[in-house]
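I have placed the structure first, in the form of structure tokens, so that the comments after it can refer back to it.
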Amino acid sequence: MKKLLLLGGSRYLLPVIREAKELGLYTITCDYLPDNIAHRYSDAYHNVSITDLEATKKLAGDLGVDGVMSFACDPGVVTAAYVAEELGLPNVGPYESVCILQDKARFRGFLREHGFRVPGVRSYDSMEAALKEKDSLPWPQMVKPVDCAGSKGVSRVNGPEALEQAIRDALRYARCGRFLLEDYIEKKGFSSDTDCFSVDGELRYVSFNNQYFDPQADNPYAPIGYTWPSTIPQAQQDELAGEIQRLLHLLKMKTALYNIEVRVGTDGNAYLMEVSPRGGGNRLSEMLCYCSGVNLIRNAVKAAVGLPVEEMHNPVYSGHWSIVMLHAQRDGVFRGLEIAPDARASVVEEDLWVEPGDPVEAMTGANKAIGSLVMNWPSEEERDARMQNPAAWLRILTEESENA
């Protein structure tokens, strides 16, 4: 029986564990949080920090695993690449290439060096260095930790007076202590954040979507919904697919699942914003199976242990799909979920991760979601109208905690 080491323990690993078991694999999860939900479903759990490269490598070697995988778990991506390369296991690509992709500053530097379109960006390892340059910056600026996903620590700053606090927020989530300032790209239409797949470095599955945000959330840059198909013009989708392929060739990537964020600016240019060799959070690969019938998770599991992947083709969408990431507007206690009857008819799956009486937190990042709704709407027009105004048909009922 082949053994698969899975880094992390979030609920996004549950479909990975399910696919692995259906393939007859022995699943092992590891992180430093033994109460994480995925550990209840894996065949074994080990308390090892997934950011400790050498400890994870030792664990993988001692267990004799056949593959290692980080799915929807950004801190484990570099570790998985390191362990796979060091132990001669199937890997998504060279360790150094993965390090470039996982560091926002290095990634943008690589893009610029190789002639990709990229916003102006500056990286820093101290607040003082950034504040010295604040009067010469073009505004607005995006402030981001260089090594954190889920929009945690990300903010838009419209002028120098708010820069110091934004940097403090970014540094709370910057594991390496570095952050970047990036020229803001005003998007035209919707940005896209969805999953793609390459086989031996050749793109076999390329998808785009429409990404939604809640401007009332504590973090208005944490995505709270997605729809498929995308409304990005086909010519720019083709351009972006070509640029993604060129990037994968330059980095000598192999067989891998990627989470890829792109946007088209009001300047008419298309930009690669993020390319990470892992499945995205917010159930994106699961949604693509609903939307197009292609099981990216199964193929990612197969690739991780060296099994041949199944044939794939670019998505042909079977309806007007969306996923809504349920979230609270404030810290408090969850009391219930209300969905208008005419909208409930379009619910394909309701997945709540909390029960009445459980504490919930305001949406400061993607990790604060409390569930999801998978929807297939009767028409594109209804889907788009509903997603533009979810408050008209969806309510998360909370009340203030007695301990507040």
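For the structure tokens, the naming scheme is as follows: chains receive sequential letters (A, B, ...) according to their order of presentation, residues are indexed from 1 within each chain, and ligands are indexed from 1 in presentation order.
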
Helix (DSSP H, G or I) per DSSP on the backbone: members of range 111-360 of chain A, as number ranges by chain: A: 111-113, 127-132, 134-136, 160-171, 234-250, 284-292, 296-304, 341-344

Residues within 10 Å of range 34-51 of chain A, only C-alpha atoms, excluding chain neighbours under 6 positions, as a VMD selection string: chain A and resid 3 5 to 18 20 to 21 25 to 28 57 59 70 73 75 to 80 175

Nearby residues (only C-alpha atoms) at most 9 Å from Leu23 in chain A, same-chain spacing under 6 positions excluded, as a PyMOL selection string: chain A and resi 298+301-302

Selected residues, N, CA, C and O atoms, written as a PDB file, in the first residue's frame, please.
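Saved result, out.pdb, follows:
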ATOM      1  N   ARG A 298      -8.287  14.147  -7.517  1.00  0.00           N
ATOM      2  CA  ARG A 298      -7.832  12.764  -7.744  1.00  0.00           C
ATOM      3  C   ARG A 298      -6.525  12.754  -8.522  1.00  0.00           C
ATOM      4  O   ARG A 298      -5.589  12.011  -8.198  1.00  0.00           O
ATOM      5  N   VAL A 301      -3.597  13.783  -6.293  1.00  0.00           N
ATOM      6  CA  VAL A 301      -3.203  12.684  -5.408  1.00  0.00           C
ATOM      7  C   VAL A 301      -2.398  11.648  -6.177  1.00  0.00           C
ATOM      8  O   VAL A 301      -1.349  11.178  -5.714  1.00  0.00           O
ATOM      9  N   LYS A 302      -2.882  11.289  -7.368  1.00  0.00           N
ATOM     10  CA  LYS A 302      -2.143  10.321  -8.176  1.00  0.00           C
ATOM     11  C   LYS A 302      -0.739  10.809  -8.489  1.00  0.00           C
ATOM     12  O   LYS A 302       0.243  10.065  -8.369  1.00  0.00           O
TER      13      LYS A 302
END

Shell of 9 Å around Arg395 in chain A, only C-alpha atoms, local chain residues under 4 positions omitted, as a PyMOL selection string: chain A and resi 336-340+390-391

With N, CA, C and O atoms kept, could you save the residues just selected as a tab-separated table (two decimals), in the first residue's frame?
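Done, and the output landed in part_16.tsv:
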chain	number	residue	atom	x	y	z
A	336	GLY	N	-27.65	30.81	13.36
A	336	GLY	CA	-28.34	30.12	12.29
A	336	GLY	C	-28.05	30.72	10.94
A	336	GLY	O	-27.37	31.73	10.79
A	337	LEU	N	-28.61	30.06	9.92
A	337	LEU	CA	-28.45	30.46	8.53
A	337	LEU	C	-29.83	30.54	7.90
A	337	LEU	O	-30.63	29.60	8.01
A	338	GLU	N	-30.12	31.66	7.27
A	338	GLU	CA	-31.40	31.83	6.58
A	338	GLU	C	-31.15	32.02	5.08
A	338	GLU	O	-30.37	32.89	4.69
A	339	ILE	N	-31.83	31.22	4.27
A	339	ILE	CA	-31.74	31.32	2.82
A	339	ILE	C	-33.15	31.51	2.28
A	339	ILE	O	-34.07	30.74	2.62
A	340	ALA	N	-33.36	32.53	1.47
A	340	ALA	CA	-34.68	32.78	0.91
A	340	ALA	C	-35.15	31.56	0.10
A	340	ALA	O	-34.35	30.94	-0.60
A	390	PRO	N	-25.78	39.28	-2.15
A	390	PRO	CA	-26.17	38.10	-1.35
A	390	PRO	C	-26.99	38.46	-0.11
A	390	PRO	O	-27.77	37.63	0.37
A	391	ALA	N	-26.86	39.68	0.39
A	391	ALA	CA	-27.62	40.06	1.58
A	391	ALA	C	-29.12	40.04	1.33
A	391	ALA	O	-29.91	39.95	2.28

Of the listed residues A:Gly24, A:Lys132, A:Gly153, A:Val305, that which approaches Ala84 in chain A most closely, counting only C-alpha atoms: A:Val305

Asp331 in chain A environment, 8 Å, only C-alpha atoms, sequence neighbours closer than 3 positions dropped, as an mmCIF file with C-alpha atoms, in the first residue's frame:
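What landed in around26.cif:
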data_model
loop_
_atom_site.group_PDB
_atom_site.id
_atom_site.type_symbol
_atom_site.label_atom_id
_atom_site.label_comp_id
_atom_site.auth_asym_id
_atom_site.auth_seq_id
_atom_site.Cartn_x
_atom_site.Cartn_y
_atom_site.Cartn_z
ATOM 1 C CA ALA A 328 -19.818 36.493 9.927
ATOM 2 C CA PRO A 359 -18.179 31.247 18.464
ATOM 3 C CA VAL A 360 -17.500 32.922 15.114
ATOM 4 C CA GLU A 361 -15.100 35.660 14.107
ATOM 5 C CA ALA A 362 -15.306 38.543 11.670
ATOM 6 C CA GLU A 400 -22.811 39.287 20.556
ATOM 7 C CA SER A 401 -20.898 36.968 22.836
#

Pairwise distance for CA of Ile224 in chain A and CA of Met287 in chain A, rounded to one decimal in Å: 14.1 Å
